[in-house]
file run_34.cif (mmCIF, C-alpha atoms and all ligand atoms)
data_start
loop_
_atom_site.group_PDB
_atom_site.id
_atom_site.type_symbol
_atom_site.label_atom_id
_atom_site.label_comp_id
_atom_site.auth_asym_id
_atom_site.auth_seq_id
_atom_site.Cartn_x
_atom_site.Cartn_y
_atom_site.Cartn_z
ATOM 1 C CA MET F 1 110.271 89.058 -76.905
ATOM 2 C CA SER F 2 106.794 87.831 -75.947
ATOM 3 C CA GLU F 3 106.123 86.641 -72.386
ATOM 4 C CA SER F 4 102.830 84.934 -73.198
ATOM 5 C CA VAL F 5 102.654 81.219 -72.601
ATOM 6 C CA PRO F 6 102.453 79.274 -75.833
ATOM 7 C CA ALA F 7 99.170 77.460 -76.321
ATOM 8 C CA GLY F 8 99.343 73.844 -75.243
ATOM 9 C CA ASP F 9 102.351 74.547 -73.022
ATOM 10 C CA ARG F 10 100.778 76.066 -69.863
ATOM 11 C CA SER F 11 102.605 75.490 -66.586
ATOM 12 C CA PRO F 12 100.706 73.849 -63.656
ATOM 13 C CA ALA F 13 101.096 77.090 -61.606
ATOM 14 C CA HIS F 14 99.338 79.145 -64.273
ATOM 15 C CA GLY F 15 96.410 76.662 -64.436
ATOM 16 C CA ALA F 16 95.961 76.764 -60.643
ATOM 17 C CA GLY F 17 95.774 80.571 -60.739
ATOM 18 C CA GLU F 18 93.027 80.489 -63.354
ATOM 19 C CA THR F 19 91.076 77.913 -61.342
ATOM 20 C CA ALA F 20 91.369 80.046 -58.183
ATOM 21 C CA ALA F 21 90.146 83.138 -60.060
ATOM 22 C CA ARG F 22 87.200 81.190 -61.480
ATOM 23 C CA VAL F 23 86.238 79.841 -58.045
ATOM 24 C CA GLU F 24 86.502 83.303 -56.507
ATOM 25 C CA ARG F 25 84.253 84.775 -59.211
ATOM 26 C CA ARG F 26 81.739 82.029 -58.541
ATOM 27 C CA TRP F 27 81.717 82.716 -54.797
ATOM 28 C CA ALA F 28 81.448 86.460 -55.428
ATOM 29 C CA THR F 29 78.393 85.764 -57.608
ATOM 30 C CA VAL F 30 76.819 83.583 -54.885
ATOM 31 C CA ALA F 31 77.521 86.207 -52.179
ATOM 32 C CA THR F 32 76.060 88.983 -54.350
ATOM 33 C CA ALA F 33 72.988 86.873 -55.084
ATOM 34 C CA ILE F 34 72.457 86.306 -51.329
ATOM 35 C CA VAL F 35 72.734 90.059 -50.612
ATOM 36 C CA VAL F 36 70.307 90.852 -53.439
ATOM 37 C CA LEU F 37 67.876 88.185 -52.202
ATOM 38 C CA LEU F 38 67.956 89.462 -48.591
ATOM 39 C CA THR F 39 67.527 93.066 -49.764
ATOM 40 C CA GLY F 40 64.582 91.970 -51.878
ATOM 41 C CA VAL F 41 62.943 90.094 -48.991
ATOM 42 C CA ALA F 42 63.380 93.106 -46.671
ATOM 43 C CA ALA F 43 62.030 95.505 -49.314
ATOM 44 C CA VAL F 44 58.978 93.375 -50.143
ATOM 45 C CA GLY F 45 58.248 92.789 -46.433
ATOM 46 C CA GLY F 46 58.609 96.485 -45.575
ATOM 47 C CA ILE F 47 56.530 97.727 -48.491
ATOM 48 C CA HIS F 48 53.850 95.093 -47.844
ATOM 49 C CA GLN F 49 53.581 96.102 -44.185
ATOM 50 C CA ALA F 50 53.540 99.801 -45.054
ATOM 51 C CA THR F 51 50.849 99.489 -47.719
ATOM 52 C CA MET F 52 48.515 96.852 -46.237
ATOM 53 C CA PRO F 53 46.196 97.877 -43.408
ATOM 54 C CA GLN F 54 46.398 95.854 -40.199
ATOM 55 C CA ARG F 55 43.878 93.050 -39.921
ATOM 56 C CA GLU F 56 41.613 95.197 -37.840
ATOM 57 C CA VAL F 57 42.222 98.458 -36.006
ATOM 58 C CA GLN F 58 39.449 99.259 -33.565
ATOM 59 C CA THR F 59 39.276 102.811 -32.321
ATOM 60 C CA ILE F 60 37.285 104.274 -29.453
ATOM 61 C CA ASP F 61 37.003 107.733 -27.883
ATOM 62 C CA PRO F 62 38.787 107.526 -24.485
ATOM 63 C CA ARG F 63 36.942 110.623 -23.196
ATOM 64 C CA THR F 64 33.490 109.012 -23.371
ATOM 65 C CA LEU F 65 34.217 105.419 -22.225
ATOM 66 C CA HIS F 66 32.265 105.966 -18.997
ATOM 67 C CA LEU F 67 29.241 107.489 -20.727
ATOM 68 C CA GLY F 68 28.169 104.562 -22.870
ATOM 69 C CA GLY F 69 29.124 101.929 -25.391
ATOM 70 C CA GLU F 70 31.099 98.747 -24.995
ATOM 71 C CA PHE F 71 33.349 99.894 -22.132
ATOM 72 C CA VAL F 72 30.747 101.512 -19.914
ATOM 73 C CA GLU F 73 31.261 100.255 -16.330
ATOM 74 C CA THR F 74 28.224 97.930 -16.235
ATOM 75 C CA ASN F 75 29.526 96.105 -19.323
ATOM 76 C CA LEU F 76 32.999 95.373 -17.879
ATOM 77 C CA GLY F 77 34.044 91.941 -16.625
ATOM 78 C CA SER F 78 33.369 88.514 -18.107
ATOM 79 C CA ALA F 79 30.441 87.853 -20.407
ATOM 80 C CA ALA F 80 29.344 84.344 -21.377
ATOM 81 C CA GLU F 81 28.603 84.350 -25.093
ATOM 82 C CA ALA F 82 25.938 82.259 -26.831
ATOM 83 C CA ASP F 83 28.596 80.202 -28.664
ATOM 84 C CA GLY F 84 30.154 79.021 -25.381
ATOM 85 C CA SER F 85 33.081 81.438 -25.490
ATOM 86 C CA VAL F 86 33.716 84.208 -22.969
ATOM 87 C CA THR F 87 34.494 87.868 -23.617
ATOM 88 C CA VAL F 88 36.332 89.843 -20.932
ATOM 89 C CA ARG F 89 36.250 93.645 -21.081
ATOM 90 C CA VAL F 90 38.807 95.637 -19.097
ATOM 91 C CA VAL F 91 39.614 99.339 -18.767
ATOM 92 C CA GLY F 92 42.980 100.510 -17.481
ATOM 93 C CA GLN F 93 43.294 103.897 -15.811
ATOM 94 C CA GLN F 94 45.821 105.560 -13.515
ATOM 95 C CA TYR F 95 46.293 103.405 -11.390
ATOM 96 C CA SER F 96 43.950 100.452 -11.532
ATOM 97 C CA PHE F 97 42.120 98.051 -13.764
ATOM 98 C CA THR F 98 38.351 97.823 -13.876
ATOM 99 C CA PRO F 99 37.375 95.239 -12.840
ATOM 100 C CA SER F 100 40.201 94.652 -10.371
ATOM 101 C CA CYS F 101 39.461 90.940 -10.238
ATOM 102 C CA ILE F 102 38.522 88.979 -13.337
ATOM 103 C CA VAL F 103 36.904 85.525 -13.319
ATOM 104 C CA VAL F 104 37.203 83.247 -16.332
ATOM 105 C CA PRO F 105 36.531 79.545 -16.930
ATOM 106 C CA ALA F 106 39.320 77.092 -17.729
ATOM 107 C CA ASP F 107 39.421 75.198 -21.010
ATOM 108 C CA THR F 108 37.274 77.787 -22.803
ATOM 109 C CA PRO F 109 38.045 80.173 -25.674
ATOM 110 C CA ILE F 110 38.256 83.648 -24.160
ATOM 111 C CA THR F 111 38.686 87.041 -25.793
ATOM 112 C CA PHE F 112 40.193 89.837 -23.734
ATOM 113 C CA ARG F 113 39.169 93.293 -24.948
ATOM 114 C CA GLY F 114 40.795 96.235 -23.254
ATOM 115 C CA THR F 115 41.406 99.938 -23.588
ATOM 116 C CA SER F 116 42.648 102.868 -21.531
ATOM 117 C CA SER F 117 40.843 105.987 -20.414
ATOM 118 C CA ASP F 118 43.986 108.080 -19.908
ATOM 119 C CA VAL F 119 47.594 107.075 -20.715
ATOM 120 C CA VAL F 120 49.226 103.963 -22.166
ATOM 121 C CA HIS F 121 49.063 100.997 -19.790
ATOM 122 C CA GLY F 122 50.069 97.368 -20.188
ATOM 123 C CA MET F 123 48.294 94.183 -19.274
ATOM 124 C CA LEU F 124 50.348 91.110 -18.484
ATOM 125 C CA ILE F 125 48.954 87.895 -17.037
ATOM 126 C CA GLU F 126 51.697 86.225 -15.024
ATOM 127 C CA GLY F 127 52.460 82.598 -15.797
ATOM 128 C CA THR F 128 51.110 82.958 -19.351
ATOM 129 C CA ASN F 129 52.295 84.517 -22.599
ATOM 130 C CA ILE F 130 49.454 87.052 -22.506
ATOM 131 C CA ASN F 131 50.897 90.529 -22.685
ATOM 132 C CA THR F 132 49.370 93.479 -24.485
ATOM 133 C CA MET F 133 49.230 97.256 -24.373
ATOM 134 C CA LEU F 134 46.156 99.276 -23.460
ATOM 135 C CA VAL F 135 46.346 102.395 -25.579
ATOM 136 C CA PRO F 136 43.882 105.283 -25.233
ATOM 137 C CA GLY F 137 41.860 105.564 -28.423
ATOM 138 C CA TYR F 138 42.315 101.917 -29.406
ATOM 139 C CA VAL F 139 40.844 98.568 -28.399
ATOM 140 C CA SER F 140 43.270 95.707 -27.769
ATOM 141 C CA ASP F 141 41.762 92.366 -28.653
ATOM 142 C CA ILE F 142 43.593 89.200 -27.638
ATOM 143 C CA PRO F 143 42.512 85.529 -27.677
ATOM 144 C CA VAL F 144 43.261 83.604 -24.493
ATOM 145 C CA ARG F 145 42.798 80.090 -23.206
ATOM 146 C CA PHE F 146 43.607 78.769 -19.731
ATOM 147 C CA ASP F 147 44.179 75.029 -19.419
ATOM 148 C CA THR F 148 43.781 74.721 -15.666
ATOM 149 C CA PRO F 149 42.065 76.584 -12.815
ATOM 150 C CA GLY F 150 44.296 78.845 -10.742
ATOM 151 C CA GLU F 151 45.017 82.430 -9.882
ATOM 152 C CA HIS F 152 47.252 84.845 -11.750
ATOM 153 C CA LEU F 153 48.415 88.359 -11.012
ATOM 154 C CA MET F 154 47.824 90.855 -13.788
ATOM 155 C CA PRO F 155 50.199 93.796 -13.324
ATOM 156 C CA CYS F 156 50.458 96.843 -15.556
ATOM 157 C CA GLN F 157 53.725 96.357 -17.417
ATOM 158 C CA GLU F 158 54.033 99.833 -18.936
ATOM 159 C CA PHE F 159 55.317 102.704 -16.793
ATOM 160 C CA CYS F 160 52.308 104.986 -16.481
ATOM 161 C CA SER F 161 53.556 107.502 -13.872
ATOM 162 C CA VAL F 162 54.008 107.567 -10.100
ATOM 163 C CA GLY F 163 51.394 104.954 -9.170
ATOM 164 C CA HIS F 164 52.495 102.430 -11.774
ATOM 165 C CA GLU F 165 53.893 99.852 -9.353
ATOM 166 C CA GLY F 166 50.556 99.656 -7.526
ATOM 167 C CA MET F 167 48.529 99.014 -10.650
ATOM 168 C CA TRP F 168 47.550 95.373 -10.906
ATOM 169 C CA ALA F 169 44.519 93.116 -10.976
ATOM 170 C CA ARG F 170 43.862 89.417 -10.345
ATOM 171 C CA VAL F 171 42.685 86.804 -12.817
ATOM 172 C CA LYS F 172 40.854 83.867 -11.230
ATOM 173 C CA VAL F 173 40.505 80.824 -13.470
ATOM 174 C CA VAL F 174 37.694 78.568 -12.240
ATOM 175 C CA THR F 175 36.242 75.375 -13.665
ATOM 176 C CA ARG F 176 33.638 75.599 -16.409
ATOM 177 C CA GLN F 177 30.974 74.390 -13.977
ATOM 178 C CA GLU F 178 31.850 77.044 -11.374
ATOM 179 C CA PHE F 179 31.817 79.736 -14.026
ATOM 180 C CA ALA F 180 28.462 78.557 -15.399
ATOM 181 C CA ALA F 181 27.011 78.759 -11.879
ATOM 182 C CA MET F 182 28.381 82.297 -11.407
ATOM 183 C CA ALA F 183 27.133 83.438 -14.816
ATOM 184 C CA ASN F 184 23.658 82.032 -14.221
ATOM 185 C CA GLY F 185 21.386 85.079 -14.082
ATOM 186 C CA HIS F 186 24.288 87.542 -14.299
ATOM 187 C CA PRO F 187 25.111 89.121 -17.643
ATOM 188 C CA ARG F 188 28.591 90.071 -16.384
ATOM 189 C CA VAL F 189 30.737 88.050 -14.004
ATOM 190 C CA SER F 190 33.443 89.358 -11.682
ATOM 191 C CA CYS F 191 34.995 88.097 -8.430
ATOM 192 C CA VAL F 192 32.357 89.850 -6.351
ATOM 193 C CA GLN F 193 29.144 88.212 -7.453
HETATM 194 CU CU1 LIG U 1 49.413 101.463 -15.678
HETATM 195 CU CU2 LIG U 1 51.679 101.156 -15.372
#
call {"tool": "encode", "arguments": {"input": "run_34.cif", "output": "structure tokens", "more": "lines below"}}
Ligand code: CUA
result
Amino acid sequence: MSESVPAGDRSPAHGAGETAARVERRWATVATAIVVLLTGVAAVGGIHQATMPQREVQTIDPRTLHLGGEFVETNLGSAAEADGSVTVRVVGQQYSFTPSCIVVPADTPITFRGTSSDVVHGMLIEGTNINTMLVPGYVSDIPVRFDTPGEHLMPCQEFCSVGHEGMWARVKVVTRQEFAAMANGHPRVSCVQ
């Protein structure tokens, strides 16, 4: 005796079961497609990052910073550029920043360039989202803009040994006019002018 349902005489319960199976297959297909898509996105992103060089990696010899080149002591501090922007150069060392007080104008495009002469330090300007590492052998380059004059603490935010908690500098934001007056006749500006 056959138990198959004769064609054209299917019970409502049997039809509902087929519909449920079809819907479940559809959802399984959608879920699989999502997993495949996410795996693909992660793979493409990972491979892209691993194979493409960073925009720009700038290296520097931490043993000769003090002897010459961009981060020699007389070149540190704020420099007014010909295009109206300002470049600030900072060196972190156990346990201070040079210069220890930085002056910058408000409402001006500024580039902070920093490196370390010994271990990894951090540079965080309180009250802003400016936060970068100073890694020996590399130059950190970060664009900055301050809307209003004021004063900010700039602590080292990376534990760099026993004197870490005493390592901080100040960032004084002055008006453009004040900065122009300070920069007049001085290739590099710092708090002590
Ligand atoms: Cu330098 Cu912590």
call {"tool": "closest_residue", "arguments": {"input": "run_34.cif", "among": "F:Val144, F:Val44, F:Val162, F:Val88", "to": "F:Asp107", "atoms": "only C-alpha atoms"}}
result
F:Val144
call {"tool": "closest_residue", "arguments": {"input": "run_34.cif", "among": "F:Ser190, F:Asn184, F:Thr115, F:Gln93", "to": "ligand LIG 1 (chain U)", "atoms": "all atoms listed in the file"}}
result
F:Gln93
call {"tool": "atom_distance", "arguments": {"input": "run_34.cif", "atom1": "atom CA of F:Leu65", "atom2": "atom CA of F:Ile125"}}
result
23.5 Å
call {"tool": "closest_atom_pairs", "arguments": {"input": "run_34.cif", "of": "chain F", "to": "ligand LIG 1 (chain U)", "cutoff": "12 Å", "atoms": "all atoms listed in the file", "output": "tab-separated table"}}
result
residue	atom	partner	partner_atom	distance
F:Val91	CA	U:LIG1	CU1	10.5
F:Gly92	CA	U:LIG1	CU1	6.7
F:Gln93	CA	U:LIG1	CU1	6.6
F:Gln94	CA	U:LIG1	CU1	5.9
F:Tyr95	CA	U:LIG1	CU1	5.6
F:Ser96	CA	U:LIG1	CU1	6.9
F:Phe97	CA	U:LIG1	CU1	8.3
F:Thr98	CA	U:LIG1	CU1	11.8
F:Thr115	CA	U:LIG1	CU1	11.4
F:Ser116	CA	U:LIG1	CU1	9.1
F:Ser117	CA	U:LIG1	CU1	10.8
F:Asp118	CA	U:LIG1	CU1	9.5
F:Val119	CA	U:LIG1	CU1	7.8
F:Val120	CA	U:LIG1	CU1	7.0
F:His121	CA	U:LIG1	CU1	4.2
F:Gly122	CA	U:LIG1	CU1	6.1
F:Met123	CA	U:LIG1	CU1	8.2
F:Leu124	CA	U:LIG1	CU2	10.6
F:Thr132	CA	U:LIG1	CU1	11.9
F:Met133	CA	U:LIG1	CU1	9.7
F:Leu134	CA	U:LIG1	CU1	8.7
F:Val135	CA	U:LIG1	CU1	10.4
F:Pro136	CA	U:LIG1	CU1	11.7
F:Met154	CA	U:LIG1	CU1	10.9
F:Pro155	CA	U:LIG1	CU2	7.8
F:Cys156	CA	U:LIG1	CU2	4.5
F:Gln157	CA	U:LIG1	CU2	5.6
F:Glu158	CA	U:LIG1	CU2	4.5
F:Phe159	CA	U:LIG1	CU2	4.2
F:Cys160	CA	U:LIG1	CU2	4.0
F:Ser161	CA	U:LIG1	CU2	6.8
F:Val162	CA	U:LIG1	CU2	8.6
F:Gly163	CA	U:LIG1	CU2	7.3
F:His164	CA	U:LIG1	CU2	3.9
F:Glu165	CA	U:LIG1	CU2	6.5
F:Gly166	CA	U:LIG1	CU2	8.1
F:Met167	CA	U:LIG1	CU1	5.7
F:Trp168	CA	U:LIG1	CU1	8.0
F:Ala169	CA	U:LIG1	CU1	10.8
call {"tool": "write_last_selection", "arguments": {"input": "run_34.cif", "atoms": "C-alpha atoms", "output": "short mmCIF file (atom, residue, chain, number, x, y, z; two decimals), keeping the file's coordinate frame"}}
result
data_model
loop_
_atom_site.label_atom_id
_atom_site.label_comp_id
_atom_site.auth_asym_id
_atom_site.auth_seq_id
_atom_site.Cartn_x
_atom_site.Cartn_y
_atom_site.Cartn_z
CA VAL F 91 39.61 99.34 -18.77
CA GLY F 92 42.98 100.51 -17.48
CA GLN F 93 43.29 103.90 -15.81
CA GLN F 94 45.82 105.56 -13.52
CA TYR F 95 46.29 103.40 -11.39
CA SER F 96 43.95 100.45 -11.53
CA PHE F 97 42.12 98.05 -13.76
CA THR F 98 38.35 97.82 -13.88
CA THR F 115 41.41 99.94 -23.59
CA SER F 116 42.65 102.87 -21.53
CA SER F 117 40.84 105.99 -20.41
CA ASP F 118 43.99 108.08 -19.91
CA VAL F 119 47.59 107.08 -20.72
CA VAL F 120 49.23 103.96 -22.17
CA HIS F 121 49.06 101.00 -19.79
CA GLY F 122 50.07 97.37 -20.19
CA MET F 123 48.29 94.18 -19.27
CA LEU F 124 50.35 91.11 -18.48
CA THR F 132 49.37 93.48 -24.48
CA MET F 133 49.23 97.26 -24.37
CA LEU F 134 46.16 99.28 -23.46
CA VAL F 135 46.35 102.40 -25.58
CA PRO F 136 43.88 105.28 -25.23
CA MET F 154 47.82 90.86 -13.79
CA PRO F 155 50.20 93.80 -13.32
CA CYS F 156 50.46 96.84 -15.56
CA GLN F 157 53.72 96.36 -17.42
CA GLU F 158 54.03 99.83 -18.94
CA PHE F 159 55.32 102.70 -16.79
CA CYS F 160 52.31 104.99 -16.48
CA SER F 161 53.56 107.50 -13.87
CA VAL F 162 54.01 107.57 -10.10
CA GLY F 163 51.39 104.95 -9.17
CA HIS F 164 52.50 102.43 -11.77
CA GLU F 165 53.89 99.85 -9.35
CA GLY F 166 50.56 99.66 -7.53
CA MET F 167 48.53 99.01 -10.65
CA TRP F 168 47.55 95.37 -10.91
CA ALA F 169 44.52 93.12 -10.98
#
call {"tool": "resolve_selection", "arguments": {"input": "run_34.cif", "expression": "the PyMOL selection byres (((chain F and resi 80) around 10) and not hetatm)", "output": "ChimeraX atom specification"}}
result
/F:78-79,81-88,104-105,110,179-180,183-184,186-189
call {"tool": "decode", "arguments": {"input": "run_34.cif", "residues": "stretch 141-158 of chain F", "atoms": "N, CA, C and O atoms", "output": "mmCIF file, in the first residue's frame"}}
result
data_model
loop_
_atom_site.group_PDB
_atom_site.id
_atom_site.type_symbol
_atom_site.label_atom_id
_atom_site.label_comp_id
_atom_site.auth_asym_id
_atom_site.auth_seq_id
_atom_site.Cartn_x
_atom_site.Cartn_y
_atom_site.Cartn_z
ATOM 1 N N ASP F 141 52.915 63.115 12.277
ATOM 2 C CA ASP F 141 52.542 64.329 11.569
ATOM 3 C C ASP F 141 51.030 64.449 11.695
ATOM 4 O O ASP F 141 50.303 63.573 11.246
ATOM 5 N N ILE F 142 50.553 65.511 12.347
ATOM 6 C CA ILE F 142 49.119 65.583 12.627
ATOM 7 C C ILE F 142 48.599 67.001 12.404
ATOM 8 O O ILE F 142 49.175 67.965 12.911
ATOM 9 N N PRO F 143 47.540 67.162 11.580
ATOM 10 C CA PRO F 143 46.984 68.491 11.349
ATOM 11 C C PRO F 143 46.094 68.918 12.516
ATOM 12 O O PRO F 143 45.371 68.107 13.078
ATOM 13 N N VAL F 144 46.183 70.184 12.864
ATOM 14 C CA VAL F 144 45.505 70.703 14.055
ATOM 15 C C VAL F 144 44.928 72.069 13.722
ATOM 16 O O VAL F 144 45.492 72.796 12.904
ATOM 17 N N ARG F 145 43.815 72.394 14.351
ATOM 18 C CA ARG F 145 43.295 73.753 14.239
ATOM 19 C C ARG F 145 42.606 74.086 15.557
ATOM 20 O O ARG F 145 41.816 73.298 16.058
ATOM 21 N N PHE F 146 42.930 75.251 16.114
ATOM 22 C CA PHE F 146 42.283 75.697 17.349
ATOM 23 C C PHE F 146 41.337 76.838 17.002
ATOM 24 O O PHE F 146 41.744 77.793 16.339
ATOM 25 N N ASP F 147 40.089 76.735 17.445
ATOM 26 C CA ASP F 147 39.109 77.766 17.109
ATOM 27 C C ASP F 147 39.287 79.022 17.952
ATOM 28 O O ASP F 147 39.080 80.130 17.457
ATOM 29 N N THR F 148 39.629 78.831 19.221
ATOM 30 C CA THR F 148 39.669 79.989 20.122
ATOM 31 C C THR F 148 40.963 80.004 20.926
ATOM 32 O O THR F 148 41.553 78.958 21.185
ATOM 33 N N PRO F 149 41.409 81.205 21.336
ATOM 34 C CA PRO F 149 42.586 81.294 22.204
ATOM 35 C C PRO F 149 42.314 80.603 23.541
ATOM 36 O O PRO F 149 41.166 80.470 23.963
ATOM 37 N N GLY F 150 43.369 80.168 24.191
ATOM 38 C CA GLY F 150 43.218 79.484 25.477
ATOM 39 C C GLY F 150 44.490 78.731 25.788
ATOM 40 O O GLY F 150 45.471 78.804 25.043
ATOM 41 N N GLU F 151 44.445 77.996 26.889
ATOM 42 C CA GLU F 151 45.633 77.247 27.287
ATOM 43 C C GLU F 151 45.260 75.788 27.532
ATOM 44 O O GLU F 151 44.225 75.505 28.134
ATOM 45 N N HIS F 152 46.073 74.906 27.038
ATOM 46 C CA HIS F 152 45.806 73.470 27.173
ATOM 47 C C HIS F 152 47.026 72.784 27.779
ATOM 48 O O HIS F 152 48.161 73.141 27.450
ATOM 49 N N LEU F 153 46.776 71.791 28.611
ATOM 50 C CA LEU F 153 47.872 70.938 29.063
ATOM 51 C C LEU F 153 48.144 69.896 27.988
ATOM 52 O O LEU F 153 47.228 69.444 27.296
ATOM 53 N N MET F 154 49.405 69.515 27.859
ATOM 54 C CA MET F 154 49.747 68.471 26.900
ATOM 55 C C MET F 154 50.556 67.388 27.622
ATOM 56 O O MET F 154 51.785 67.400 27.616
ATOM 57 N N PRO F 155 49.852 66.451 28.273
ATOM 58 C CA PRO F 155 50.575 65.390 28.982
ATOM 59 C C PRO F 155 51.021 64.279 28.030
ATOM 60 O O PRO F 155 50.464 64.105 26.948
ATOM 61 N N CYS F 156 52.036 63.551 28.468
ATOM 62 C CA CYS F 156 52.418 62.306 27.789
ATOM 63 C C CYS F 156 51.383 61.263 28.197
ATOM 64 O O CYS F 156 51.094 61.103 29.375
ATOM 65 N N GLN F 157 50.794 60.600 27.213
ATOM 66 C CA GLN F 157 49.725 59.648 27.552
ATOM 67 C C GLN F 157 50.159 58.194 27.357
ATOM 68 O O GLN F 157 49.345 57.302 27.317
ATOM 69 N N GLU F 158 51.484 57.978 27.238
ATOM 70 C CA GLU F 158 51.970 56.609 27.088
ATOM 71 C C GLU F 158 52.974 56.363 28.203
ATOM 72 O O GLU F 158 53.934 57.125 28.337
#
